Amino acid sequence: MAAEQDSILDIRGVAKRFDSVVALRSADLKVRAGEVHALMGANGAGKSTLVKIITGVFPADSGDILIGGERKVFRSPAEARQAGIVSVYQDPAIVPDLTVAQNMRLARVGLDAVRTAMRSLGVERVDLSRAAREIDFATLRLIDLSRALASNPRILLLDEITAALPIDLAERVFAVVRDWRKRGASIIFISHRMAEVAALCDRATVLRDGVTVGVTATQGAEEKIVNMMLGTEVAKAAVSGAARAKQTASAAAPALEVRDLACGHGLRGVSFAVRPGEVLGVAALEGQGQEELFDCIAGVRRPDAGEIAADGKPLRFRHPADAVRAGLVLVPANRLQALLPQRPIRENVALPIFGRLKNWGPIAMKDERRRVEEAVRRLQIDTRASSELKRLSGGNQQKVAIARWLAAGFRVLLCFDPTRGIDVGTKRQIYSLLREVAQQGASVLLFTSELPEIRLACDRAIVLFGGRISGEMPADDADEARLLRAAHGLIAADAEATA
Amino acid sequence: AAGKYIVGVSNTLIGNGWREEMICSIKAEAEASGLVSKVIVANRNGGPSEQIADIRNLISAGANAIIINPSDREALNPIIKQAADKGIVVVAVDQAVSAPEAYVLTNDQVDYAKLGAKWLFDKLGGKGEVVEMRGIDGVPADADRHQGFDEVLKNYPNIHVTSIFTGWALNKTAQATKDLLASGKQIDGVWTSGIDSTVVDAYQTAGKPFVPVVGADNNGFIGQLINLKDKGLTGAAVSNPPAVGGAGLGLALDVLQKKEHPHVVKITPTVWDNTSEAGMDELKKAYNQKLDPFYSVAINVPPYTHYTMEQILACKGP
Amino acid sequence: MSAVLQFLKARTIVALILLLALFLIGIELVRPGTVTPLWASNALLFAAPLAIMGAGQTLVMLTGGIDLSVASVATGAAYLLATNASSGDFSAIALALALGLVVGAVNGVGVALLRVQPLIMTLGTGLMTGGAMIVYSQQMLASQPHVPAIIQTLGAGKIFSLVPVDLFLWIAVGALMLYGLNRTGFGRLIFAVGDNREACHLAGIRVWRVLFVDYLLCALFAAIAGLVLVGGTNAADLSLADSYLLPSVACVIIGGTSIFGGRGGYSGTIVGALILTALTSLLTLLDVAEPLKQILYGAIILSLAAAYARLTE
Amino acid sequence: MTDVSAADSGGLVRFVSRRTRLLGMPALFVACILATALIHPDFGSFDVQSLALGALPLAMAAAAQTIVVISGGIDLSVGSLIAVSNVLAASLMQHASFGASLGIAVLILILGAAQGAINGLTVAISRIPDVVVTLTTGFIWGGVALLILERPGGGAPAAFLNIAAGADVSAWLPNALIVMIVVIAAIWLPIKLSRIGLLLYASGSDPVAAFRSGVDIRVARTLAYTFGGIACAAGGLALTMTTGIGAPLAGTYYTLSSVAAAVIGGVSLAGGRGGMVGPVIAALLLTLIPMDLVFLGIDPNYGQVIQGTLIVVVVMIGGFVTFMQERK
Ligand SMILES: Nc1ncnc2c1ncn2[C@@H]1O[C@H](COP(=O)(O)OP(=O)(O)OP(=O)(O)O)[C@@H](O)[C@H]1O
Ligand SMILES: Nc1ncnc2c1ncn2[C@@H]1O[C@H](COP(=O)(O)OP(=O)(O)OP(=O)(O)O)[C@@H](O)[C@H]1O
Ligand SMILES: [Mg+2]
Ligand SMILES: [Mg+2]
């Protein structure tokens, strides 16, 4: 009873369905004033849907929302904003063709307040007269957050804001969140990173399949939360990083070899090799050349200098198709770049097969279905909303981006932050999938913004700093502290000593 | 020939066979006269606004005479006056303009409709169901013809008329005719504003008995009047010669050489039917088996034009 | 009721056919005795060239483009056929189709390789084709044009004076389109390119090839439609297919294909073409003034589209 | 810590590329004028007047299309809206005094806004795609124009016609050009400088993000069509002004050419990108092309071919410049 009195936001039995897909069955959520409240759940559990209902993006089918004890229904995000309820959505809500300043005016937010917020997030140097489309994704997330902060929210909802942020930027977000909690605001925080949640949040509400399955204090409750999220059996079955099979140093020619690769300002000369059956991790802070590196290897950009070789053969790519043909395939960071939002899962997964002219003719439907189903099964993609990809939850979309290469086949998988926005259970699936792929003889180059992943999934890691390799170490030594120091360019010598 | 005059032409409907032939007749007359050094044609689809722009450009390009097929009766008057003030001879052909400075040489569109309608209504004995296949609603020539049609209709109280706009388009006409034939509606005669052979074709493919048809002097229709007479086709062709273009140039050259001329000349159309001896003779004389079905057979307008058949078919100006 | 709506949402084509049926019932109520087998046979006869042109337009619009040159291509093909018929049916037909391929290739190069917006590219090639035909027609004043018998049969013939011959061509085109779009790799790529060009690029697809072939096919369909048209009119002039430009776009959109690409298909276009043809025919038979006809034409399509949106959204 | 502000290095490049986009069209236009003067050495104030007069209605149509396209729509009823205003003006003004004709002009602008608003509301409420709505309302408004005036006719007081005729300020600054600039500025600047412009660009660029930022997309769409309607009405008045009559079909030519002008002028059909200077200059350019064809005395049969080629080439050059810039 007392708890309910305290609740500034009280959600009772909210339900929402999209055609045949039930997104929310019965969601309850109580948030106290001045707390950071985690909203947890596997991909597709309904977190984003709940956020959108609270802020008036669309109405609930049933259920009540009480704010400060009063029933409220907002008809648009603008109305919610006026009531002091502001969200940073999972997909950026910044209009790409407007400048940053215009975006702020659009939302009727004062520029001074935005500047203050940007300063607190360390992005005050961004030129407000730049078009949003010219600004990189991570910075855009922080600008989105600044805008939310500038309208002085009572309740702030953050939907996977840290998913695309490197550690250093995520830290700034945490600091700001703590600061706002001190000022009495309530924050609803959605993230798939357990460590973040444990460190930042006071309590957590867990959704499973659109139903609230429990509320708990976060302190020391990681295991409990995971169990609630996934259901006990699944959680137990999830593969742990320790099960990783060690790769014996093989004498085989490297599957992929990169020599003195340079591209633009970002990449200034990088050399490394990936052996068949190896998962090579790449760690770096934001903008250290990792994007250029992946783009060059995947044929998306042409390097200014250097050489790329696969199986000892030097290659020159004029089009991603050349790279795909050589077996180098990319899972890009931004899933919107990889997917066909209006097409079904099946067509999304089968897409690369048709790159070859000889496959333009009749489709072997049975064979295609088998391949697609196999890939969908291996990644456990939720196919309830399979008729249009854009209706899938963010995490499931990400899985489709990987599934297509499982169906098409490859030699080297270039994964750029593949676990961005993916729940704990699925993350483990993906690690074990990468291992499995490696065991079958393929290679993986994995960039991740979550440093602990390196130890879980990789055999070896390289760290980029300033467009060059600043460290290389076996995965066993790649604890977070070492990686971070290398990522800041502090231990180049030290790393060489280990290698 | 060492001509000395530059002639401008302004036309605002392209892709239309009749207009093409009109322009060819201007070029042919220019060639035949030996007085013209250059023919500049401003040719595009447009309305009065576009035509005003074209005439201004022709003035600027130094034309001594400008032949226009006007898109409107009044709208061009100010610019025609400006041209006349600069000593340029302006001749409106095919359709009239009201500017007193301009010379007007037109086929009489009101008469065109009157003659054909009268022939048809008489043929039907003054009673029956008639389809009036008009052109494009809102276009001056169509409005003039409709006016003539209505004037004659007043005298025939027992004729009932259904009006249809064909847009002067072949396929629209074909569909409309077939729809009418399929609807079981009683039809005793058809008056067309120029898309004539298509109507006859529709009757043929539908296997329906012919009714009297009035059309223009298009080569294809004239061929049908001659060849399908045995199969029961009766009809009349009303002349609407595109050679008014060349005639307009002939007139302009006369004026440039200081010959006196009345400002308004109307060419009265003639009717050739396939039911009378005389008409049949004219039809046979005019028919040219090789010519495109939508080209008018009347290639000369005496006394204004001087070119030969070869010259107009070559369609080459100086 | 909601079960019915659910069903219609899943099968938008059924909703569209339902609308067509309602519309026919409406016609019969407004003007009893209109909807007869002969009328239906005529409607099919005239819907076929529109739907064949619509097939090409569907292909292009599925990739997020539009082809404004189809009318000029159809006209040009028809005109080339008529003026060259004296040199043999086969070579005349081949020449007409070749025009489609040439214009399609130019469109394809412009859109796919040089990245000119489709609307502008095809507007330009439409003007070029039309202009070229005018130049050509000047040389052909006395060419003794006629339409080969086989094309006349194709465009105007009816079996048992009821089943239009062009229906068979249409069925062939329709089968090819439905199979091609749903069951071939090329069909998949058309949807994919229309939905997200960049994603295709990253997935290793050479997008320009897809677009190039797409525009080539569109122009080819337009040329075929031109042949059917000229068979129906038995003569060609240089504005033969002009009035088909807007309807060719309209029947695709009414059929539910998104102008931004990636969504839709040919089955909708078929119904769209039928609706437009039936509507034109109805307006001919309703003896009302031209301005009112235009207003009715617009209003009826708008209300059909509104009903469709309500049924399927 | 890493530097995420990236504002410093790209600054100069961005400055230049922004300017090239802004200056590209004017530069191209000036080049074309110079070429014209070469072709036709007598090119003078008379021709400048012809150019401005000829481009006047098209510029208005292009402005209307630009406003709508920026907001993420497309208006295929532009021609019909122009026709309605044109015939309405000509039939109401026929026997009116100059003062009264100005009053009528205001009335017609208001009616234009209403017509546009009807288009916009239909689009916003019915969820039918823009193309279908405006294609069909195009037929409807076209029918209305024919109802108002069955055949070309009507008129306007001489003083009204003289507004755009001649060149009162200087022979090289024709009244038509002044009218064009003043009217389009009067429609566009209030949009551009106020929040409305922001709404239009935002809803055209990314409607979902705009909605989440607090924009009511339906309001934005309706506003865009309403302003488009005003610009169309101005186009109709311009047509009356330059021709002195009303013609129910005269508007038809402006639907496609307005789209062409907008695209050539750098407005993205996907919405959210472009300005007003480009399309207006494109309208002048599209008027200049037939002018040059006459001056060159080119066989008119080739005219259409050349015009088509030029339109494509202009856009191709624009695309190529962007392509090279992006490759950099
Ligand atoms: N617009 C929509 N149309 C149809 N289904 C939808 C739509 N939006 C969401 N869904 C479905 O609702 C369910 C919940 O999605 P939601 O985005 O809320 O998940 P989430 O918990 O945020 O997942 P993630 O962690 O992957 O972001 C999913 O099955 C999704 O496919
Ligand atoms: N605007 C332009 N002007 C001239 N050439 C261009 C332009 N845009 C692209 N090109 C050229 O066109 C060719 C095809 O480009 P590209 O390879 O990027 O297209 P694609 O493979 O068809 O599609 P995608 O790149 O989306 O897969 C290339 O040779 C490129 O240099
Ligand atoms: Mg989510
Ligand atoms: Mg490419």
# chains A, B, ... in the order shown; residues from 1 in each chain; ligands from 1
call {"tool": "residues_around", "arguments": {"residues": "Arg209 (chain C)", "least_positions_apart": "5", "cutoff": "12 Å", "atoms": "only C-alpha atoms", "output": "ChimeraX atom specification"}}
result
/A:354-357,360 /C:105,108-109,111-113,186,189-190,193,200-201,214-216
call {"tool": "write_last_selection", "arguments": {"atoms": "N, CA and C atoms", "output": "PDB file, in the first residue's frame"}}
result
ATOM      1  N   PHE A 354      20.460 -14.021 -54.123  1.00  0.00           N
ATOM      2  CA  PHE A 354      20.104 -13.537 -55.454  1.00  0.00           C
ATOM      3  C   PHE A 354      21.106 -12.559 -56.035  1.00  0.00           C
ATOM      4  N   GLY A 355      22.195 -12.346 -55.317  1.00  0.00           N
ATOM      5  CA  GLY A 355      23.219 -11.456 -55.838  1.00  0.00           C
ATOM      6  C   GLY A 355      23.832 -11.999 -57.115  1.00  0.00           C
ATOM      7  N   ARG A 356      23.849 -13.316 -57.246  1.00  0.00           N
ATOM      8  CA  ARG A 356      24.437 -13.905 -58.446  1.00  0.00           C
ATOM      9  C   ARG A 356      23.412 -13.980 -59.556  1.00  0.00           C
ATOM     10  N   LEU A 357      23.852 -13.600 -60.749  1.00  0.00           N
ATOM     11  CA  LEU A 357      22.948 -13.582 -61.897  1.00  0.00           C
ATOM     12  C   LEU A 357      22.294 -14.940 -62.122  1.00  0.00           C
ATOM     13  N   TRP A 360      18.853 -15.579 -60.644  1.00  0.00           N
ATOM     14  CA  TRP A 360      17.736 -14.684 -60.939  1.00  0.00           C
ATOM     15  C   TRP A 360      16.498 -15.445 -61.394  1.00  0.00           C
TER      16      TRP A 360
ATOM     17  N   ALA C 105      16.474   0.651 -72.507  1.00  0.00           N
ATOM     18  CA  ALA C 105      17.898   0.619 -72.187  1.00  0.00           C
ATOM     19  C   ALA C 105      18.400   2.011 -71.808  1.00  0.00           C
ATOM     20  N   GLY C 108      17.185   2.728 -68.465  1.00  0.00           N
ATOM     21  CA  GLY C 108      17.917   1.895 -67.519  1.00  0.00           C
ATOM     22  C   GLY C 108      19.290   2.467 -67.217  1.00  0.00           C
ATOM     23  N   VAL C 109      20.004   2.861 -68.249  1.00  0.00           N
ATOM     24  CA  VAL C 109      21.334   3.444 -68.030  1.00  0.00           C
ATOM     25  C   VAL C 109      21.207   4.714 -67.191  1.00  0.00           C
ATOM     26  N   VAL C 111      18.784   5.763 -65.108  1.00  0.00           N
ATOM     27  CA  VAL C 111      18.321   5.583 -63.735  1.00  0.00           C
ATOM     28  C   VAL C 111      19.316   4.742 -62.937  1.00  0.00           C
ATOM     29  N   ALA C 112      19.768   3.641 -63.540  1.00  0.00           N
ATOM     30  CA  ALA C 112      20.546   2.682 -62.764  1.00  0.00           C
ATOM     31  C   ALA C 112      22.003   3.108 -62.620  1.00  0.00           C
ATOM     32  N   LEU C 113      22.598   3.580 -63.689  1.00  0.00           N
ATOM     33  CA  LEU C 113      24.026   3.887 -63.610  1.00  0.00           C
ATOM     34  C   LEU C 113      24.296   5.356 -63.314  1.00  0.00           C
ATOM     35  N   PHE C 186      14.852 -12.713 -59.576  1.00  0.00           N
ATOM     36  CA  PHE C 186      14.732 -11.343 -60.076  1.00  0.00           C
ATOM     37  C   PHE C 186      13.550 -10.621 -59.424  1.00  0.00           C
ATOM     38  N   LEU C 189      14.417  -9.504 -56.071  1.00  0.00           N
ATOM     39  CA  LEU C 189      15.320  -8.358 -56.088  1.00  0.00           C
ATOM     40  C   LEU C 189      14.565  -7.062 -56.369  1.00  0.00           C
ATOM     41  N   ILE C 190      13.526  -7.144 -57.196  1.00  0.00           N
ATOM     42  CA  ILE C 190      12.758  -5.929 -57.477  1.00  0.00           C
ATOM     43  C   ILE C 190      12.159  -5.379 -56.187  1.00  0.00           C
ATOM     44  N   VAL C 193      15.142  -4.102 -53.892  1.00  0.00           N
ATOM     45  CA  VAL C 193      15.722  -2.822 -54.289  1.00  0.00           C
ATOM     46  C   VAL C 193      14.761  -1.680 -53.966  1.00  0.00           C
ATOM     47  N   CYS C 200      20.523  -3.753 -50.163  1.00  0.00           N
ATOM     48  CA  CYS C 200      20.875  -4.642 -51.272  1.00  0.00           C
ATOM     49  C   CYS C 200      22.347  -4.493 -51.606  1.00  0.00           C
ATOM     50  N   HIS C 201      22.800  -3.261 -51.641  1.00  0.00           N
ATOM     51  CA  HIS C 201      24.201  -2.985 -51.923  1.00  0.00           C
ATOM     52  C   HIS C 201      25.084  -3.754 -50.947  1.00  0.00           C
ATOM     53  N   ASP C 214      14.873  -3.987 -65.157  1.00  0.00           N
ATOM     54  CA  ASP C 214      13.536  -3.558 -64.786  1.00  0.00           C
ATOM     55  C   ASP C 214      12.983  -2.541 -65.786  1.00  0.00           C
ATOM     56  N   TYR C 215      13.767  -1.526 -66.083  1.00  0.00           N
ATOM     57  CA  TYR C 215      13.295  -0.487 -67.005  1.00  0.00           C
ATOM     58  C   TYR C 215      13.192  -1.023 -68.429  1.00  0.00           C
ATOM     59  N   LEU C 216      14.088  -1.957 -68.747  1.00  0.00           N
ATOM     60  CA  LEU C 216      14.020  -2.590 -70.061  1.00  0.00           C
ATOM     61  C   LEU C 216      12.682  -3.320 -70.212  1.00  0.00           C
TER      62      LEU C 216
END
call {"tool": "residues_near_ligand", "arguments": {"ligand": "ligand 3", "cutoff": "8 Å", "atoms": "only C-alpha atoms and all ligand atoms", "output": "ChimeraX atom specification"}}
result
/A:43-44,46-49,90,159-160,393-395,421
call {"tool": "residues_around", "arguments": {"residues": "Phe295 (chain D)", "least_positions_apart": "3", "cutoff": "9 Å", "atoms": "only C-alpha atoms", "output": "PyMOL selection string"}}
result
(chain B and resi 40+57-58+60-61) or (chain D and resi 36+39-40+290-292+298)
call {"tool": "residues_around", "arguments": {"residues": "region 13-24 of chain A", "least_positions_apart": "2", "cutoff": "7 Å", "atoms": "only C-alpha atoms", "output": "PyMOL selection string"}}
result
chain A and resi 11+26-28+46+49+60-64+210-211+384-385
call {"tool": "select_by_dssp", "arguments": {"residues": "region 62-309 of chain D", "states": "alpha helix (DSSP H)", "output": "JSON, numbers by chain"}}
result
{"D": [62, 63, 64, 65, 66, 67, 68, 69, 70, 78, 79, 80, 81, 82, 83, 84, 85, 86, 87, 88, 89, 90, 91, 92, 93, 98, 99, 100, 101, 102, 103, 104, 105, 106, 107, 108, 109, 110, 111, 112, 113, 114, 115, 116, 117, 118, 119, 120, 121, 122, 123, 124, 125, 126, 130, 131, 132, 133, 134, 135, 136, 137, 138, 139, 140, 141, 142, 143, 144, 145, 146, 147, 148, 158, 159, 160, 161, 162, 175, 176, 177, 178, 179, 180, 181, 182, 183, 184, 185, 186, 187, 188, 189, 190, 191, 192, 193, 195, 196, 197, 198, 199, 200, 201, 202, 203, 204, 205, 207, 208, 209, 210, 211, 212, 217, 218, 219, 220, 221, 222, 223, 224, 225, 226, 227, 228, 229, 230, 231, 232, 233, 234, 235, 236, 237, 238, 239, 240, 241, 242, 243, 254, 255, 256, 257, 258, 259, 260, 261, 262, 263, 264, 277, 278, 279, 280, 281, 282, 283, 284, 285, 286, 287, 288, 289, 290, 291, 292, 293, 294, 295, 296, 300, 301, 302, 303, 304, 305, 306, 307, 308, 309]}
call {"tool": "select_by_dssp", "arguments": {"residues": "region 39-252 of chain C", "states": "strand (DSSP E or B)", "output": "list in words"}}
result
Lys158, Ile159, Val163, Pro164 and Thr184 of chain C
call {"tool": "interface_residues", "arguments": {"of": "chain D", "to": "chain B", "cutoff": "8 Å", "atoms": "only C-alpha atoms", "output": "VMD selection string"}}
result
chain D and resid 40 42 to 43 46 to 47 50 to 51 53 to 54 146 150 to 153 239 242 to 245 247 to 250 253 290 to 291 293 to 295 297 to 301 303 to 304
call {"tool": "atom_distance", "arguments": {"atom1": "CA of Thr218 (chain A)", "atom2": "CA of His37 (chain A)"}}
result
9.2 Å
call {"tool": "closest_residue", "arguments": {"among": "A:Thr55, A:Gln337, A:Ser449, A:Thr426", "to": "ligand 1", "atoms": "only C-alpha atoms and all ligand atoms"}}
result
A:Thr426
call {"tool": "closest_atom_pairs", "arguments": {"of": "chain A", "to": "ligand 4", "cutoff": "12 Å", "atoms": "only C-alpha atoms and all ligand atoms", "output": "CSV"}}
result
residue,atom,partner,partner_atom_place_in_ligand_line,distance
A:Gly299,CA,ligand 4,1 (Mg),9.5
A:Val300,CA,ligand 4,1 (Mg),8.1
A:Arg301,CA,ligand 4,1 (Mg),9.8
A:Arg302,CA,ligand 4,1 (Mg),11.3
A:Phe317,CA,ligand 4,1 (Mg),10.6
A:Arg318,CA,ligand 4,1 (Mg),7.7
A:His319,CA,ligand 4,1 (Mg),5.4
A:Pro320,CA,ligand 4,1 (Mg),7.4
A:Ala321,CA,ligand 4,1 (Mg),8.6
A:Asp322,CA,ligand 4,1 (Mg),10.5
call {"tool": "closest_atom_pairs", "arguments": {"of": "chain D", "to": "ligand 2", "cutoff": "7 Å", "atoms": "only C-alpha atoms and all ligand atoms", "output": "CSV"}}
result
residue,atom,partner,partner_atom_place_in_ligand_line,distance
D:Met316,CA,ligand 2,1 (N),6.5
D:Gly319,CA,ligand 2,1 (N),4.0
D:Phe320,CA,ligand 2,3 (N),3.7
D:Val321,CA,ligand 2,1 (N),6.9
D:Thr322,CA,ligand 2,1 (N),6.6
D:Phe323,CA,ligand 2,1 (N),4.7
call {"tool": "write_last_selection", "arguments": {"atoms": "all heavy atoms", "output": "PDB file, in the first residue's frame"}}
result
ATOM      1  N   MET D 316      21.383  15.251 -64.543  1.00  0.00           N
ATOM      2  CA  MET D 316      22.546  14.376 -64.509  1.00  0.00           C
ATOM      3  C   MET D 316      23.776  15.108 -63.964  1.00  0.00           C
ATOM      4  O   MET D 316      24.528  14.573 -63.157  1.00  0.00           O
ATOM      5  CB  MET D 316      22.832  13.915 -65.928  1.00  0.00           C
ATOM      6  CG  MET D 316      23.082  12.452 -66.069  1.00  0.00           C
ATOM      7  SD  MET D 316      23.365  12.101 -67.796  1.00  0.00           S
ATOM      8  CE  MET D 316      21.930  11.212 -68.243  1.00  0.00           C
ATOM      9  N   GLY D 319      23.479  15.412 -60.297  1.00  0.00           N
ATOM     10  CA  GLY D 319      23.753  14.129 -59.661  1.00  0.00           C
ATOM     11  C   GLY D 319      25.239  13.809 -59.676  1.00  0.00           C
ATOM     12  O   GLY D 319      25.794  13.316 -58.696  1.00  0.00           O
ATOM     13  N   PHE D 320      25.892  14.129 -60.786  1.00  0.00           N
ATOM     14  CA  PHE D 320      27.304  13.817 -60.920  1.00  0.00           C
ATOM     15  C   PHE D 320      28.140  14.607 -59.919  1.00  0.00           C
ATOM     16  O   PHE D 320      29.059  14.066 -59.297  1.00  0.00           O
ATOM     17  CB  PHE D 320      27.767  14.109 -62.344  1.00  0.00           C
ATOM     18  CG  PHE D 320      29.162  13.646 -62.614  1.00  0.00           C
ATOM     19  CD1 PHE D 320      29.446  12.297 -62.743  1.00  0.00           C
ATOM     20  CD2 PHE D 320      30.201  14.555 -62.722  1.00  0.00           C
ATOM     21  CE1 PHE D 320      30.724  11.867 -62.985  1.00  0.00           C
ATOM     22  CE2 PHE D 320      31.494  14.138 -62.952  1.00  0.00           C
ATOM     23  CZ  PHE D 320      31.755  12.780 -63.087  1.00  0.00           C
ATOM     24  N   VAL D 321      27.775  15.884 -59.746  1.00  0.00           N
ATOM     25  CA  VAL D 321      28.507  16.718 -58.794  1.00  0.00           C
ATOM     26  C   VAL D 321      28.402  16.134 -57.388  1.00  0.00           C
ATOM     27  O   VAL D 321      29.403  15.960 -56.685  1.00  0.00           O
ATOM     28  CB  VAL D 321      27.984  18.173 -58.828  1.00  0.00           C
ATOM     29  CG1 VAL D 321      28.573  18.973 -57.685  1.00  0.00           C
ATOM     30  CG2 VAL D 321      28.299  18.804 -60.171  1.00  0.00           C
ATOM     31  N   THR D 322      27.164  15.765 -57.004  1.00  0.00           N
ATOM     32  CA  THR D 322      26.983  15.170 -55.675  1.00  0.00           C
ATOM     33  C   THR D 322      27.768  13.869 -55.567  1.00  0.00           C
ATOM     34  O   THR D 322      28.404  13.590 -54.551  1.00  0.00           O
ATOM     35  CB  THR D 322      25.492  14.838 -55.427  1.00  0.00           C
ATOM     36  OG1 THR D 322      24.705  15.688 -56.254  1.00  0.00           O
ATOM     37  CG2 THR D 322      25.126  15.035 -54.000  1.00  0.00           C
ATOM     38  N   PHE D 323      27.717  13.087 -56.642  1.00  0.00           N
ATOM     39  CA  PHE D 323      28.410  11.797 -56.670  1.00  0.00           C
ATOM     40  C   PHE D 323      29.908  11.988 -56.440  1.00  0.00           C
ATOM     41  O   PHE D 323      30.515  11.310 -55.612  1.00  0.00           O
ATOM     42  CB  PHE D 323      28.125  11.140 -58.024  1.00  0.00           C
ATOM     43  CG  PHE D 323      28.950   9.914 -58.318  1.00  0.00           C
ATOM     44  CD1 PHE D 323      28.711   8.725 -57.654  1.00  0.00           C
ATOM     45  CD2 PHE D 323      29.938   9.959 -59.282  1.00  0.00           C
ATOM     46  CE1 PHE D 323      29.442   7.597 -57.945  1.00  0.00           C
ATOM     47  CE2 PHE D 323      30.687   8.829 -59.578  1.00  0.00           C
ATOM     48  CZ  PHE D 323      30.436   7.651 -58.902  1.00  0.00           C
TER      49      PHE D 323
END
call {"tool": "atom_distance", "arguments": {"atom1": "CA of Glu28 (chain C)", "atom2": "CA of His160 (chain B)"}}
result
24.2 Å
call {"tool": "residues_around", "arguments": {"residues": "Ser276 (chain B)", "least_positions_apart": "5", "cutoff": "12 Å", "atoms": "only C-alpha atoms", "output": "number ranges by chain"}}
result
B: 119, 123, 225-226, 229, 234-236, 271, 281-283
call {"tool": "residues_around", "arguments": {"residues": "Leu99 (chain C)", "least_positions_apart": "6", "cutoff": "10 Å", "atoms": "only C-alpha atoms", "output": "compact mmCIF listing (two decimals) with N, CA and C atoms, in the first residue's frame"}}
result
# COMPACT_ATOMS: atom_id res chain seq x y z
N VAL C 73 6.45 5.41 -75.77
CA VAL C 73 6.96 4.15 -76.31
C VAL C 73 5.83 3.37 -76.99
N ALA C 74 4.68 3.31 -76.34
CA ALA C 74 3.56 2.59 -76.93
C ALA C 74 3.17 3.22 -78.26
N GLY C 76 5.00 5.11 -80.17
CA GLY C 76 6.09 4.92 -81.13
C GLY C 76 6.07 3.52 -81.72
N ALA C 77 5.87 2.53 -80.85
CA ALA C 77 5.84 1.15 -81.34
C ALA C 77 4.71 0.97 -82.34
N LEU C 80 5.58 2.79 -85.60
CA LEU C 80 6.60 2.06 -86.36
C LEU C 80 5.98 0.84 -87.03
N ALA C 105 16.47 0.65 -72.51
CA ALA C 105 17.90 0.62 -72.19
C ALA C 105 18.40 2.01 -71.81
N THR C 129 11.51 10.41 -77.27
CA THR C 129 10.88 9.42 -78.13
C THR C 129 9.77 10.06 -78.97
N ALA C 219 9.63 -0.92 -70.59
CA ALA C 219 9.46 -0.35 -71.92
C ALA C 219 9.00 -1.41 -72.91
N LEU C 220 9.47 -2.64 -72.71
CA LEU C 220 9.04 -3.72 -73.60
C LEU C 220 7.53 -3.95 -73.46
N ALA C 223 5.72 -1.28 -75.25
CA ALA C 223 5.68 -1.48 -76.69
C ALA C 223 4.63 -2.53 -77.06
call {"tool": "residues_around", "arguments": {"residues": "region 259-275 of chain C", "least_positions_apart": "5", "cutoff": "6 Å", "atoms": "only C-alpha atoms", "output": "count of residues only"}}
result
13
call {"tool": "interface_residues", "arguments": {"of": "chain B", "to": "chain C", "cutoff": "10 Å", "atoms": "only C-alpha atoms", "output": "PyMOL selection string"}}
result
chain B and resi 14-17+20-21+24+136-138+162-185+197-199+201-202+205-207+220+288-295+310+312-316
call {"tool": "interface_residues", "arguments": {"of": "chain A", "to": "chain C", "cutoff": "10 Å", "atoms": "only C-alpha atoms", "output": "ChimeraX atom specification"}}
result
/A:19-20,295,298-300,319-325,329-332,335-343,347-348,350-365,387,401,404-405
call {"tool": "atom_distance", "arguments": {"atom1": "CA of Ala167 (chain D)", "atom2": "CA of Ala238 (chain D)"}}
result
16.0 Å
call {"tool": "interface_residues", "arguments": {"of": "chain A", "to": "chain D", "cutoff": "9 Å", "atoms": "only C-alpha atoms", "output": "PyMOL selection string"}}
result
chain A and resi 57+76-79+81+87+89+91-98+102-108+122-127+130+135-136+138-139+168+285-288+488
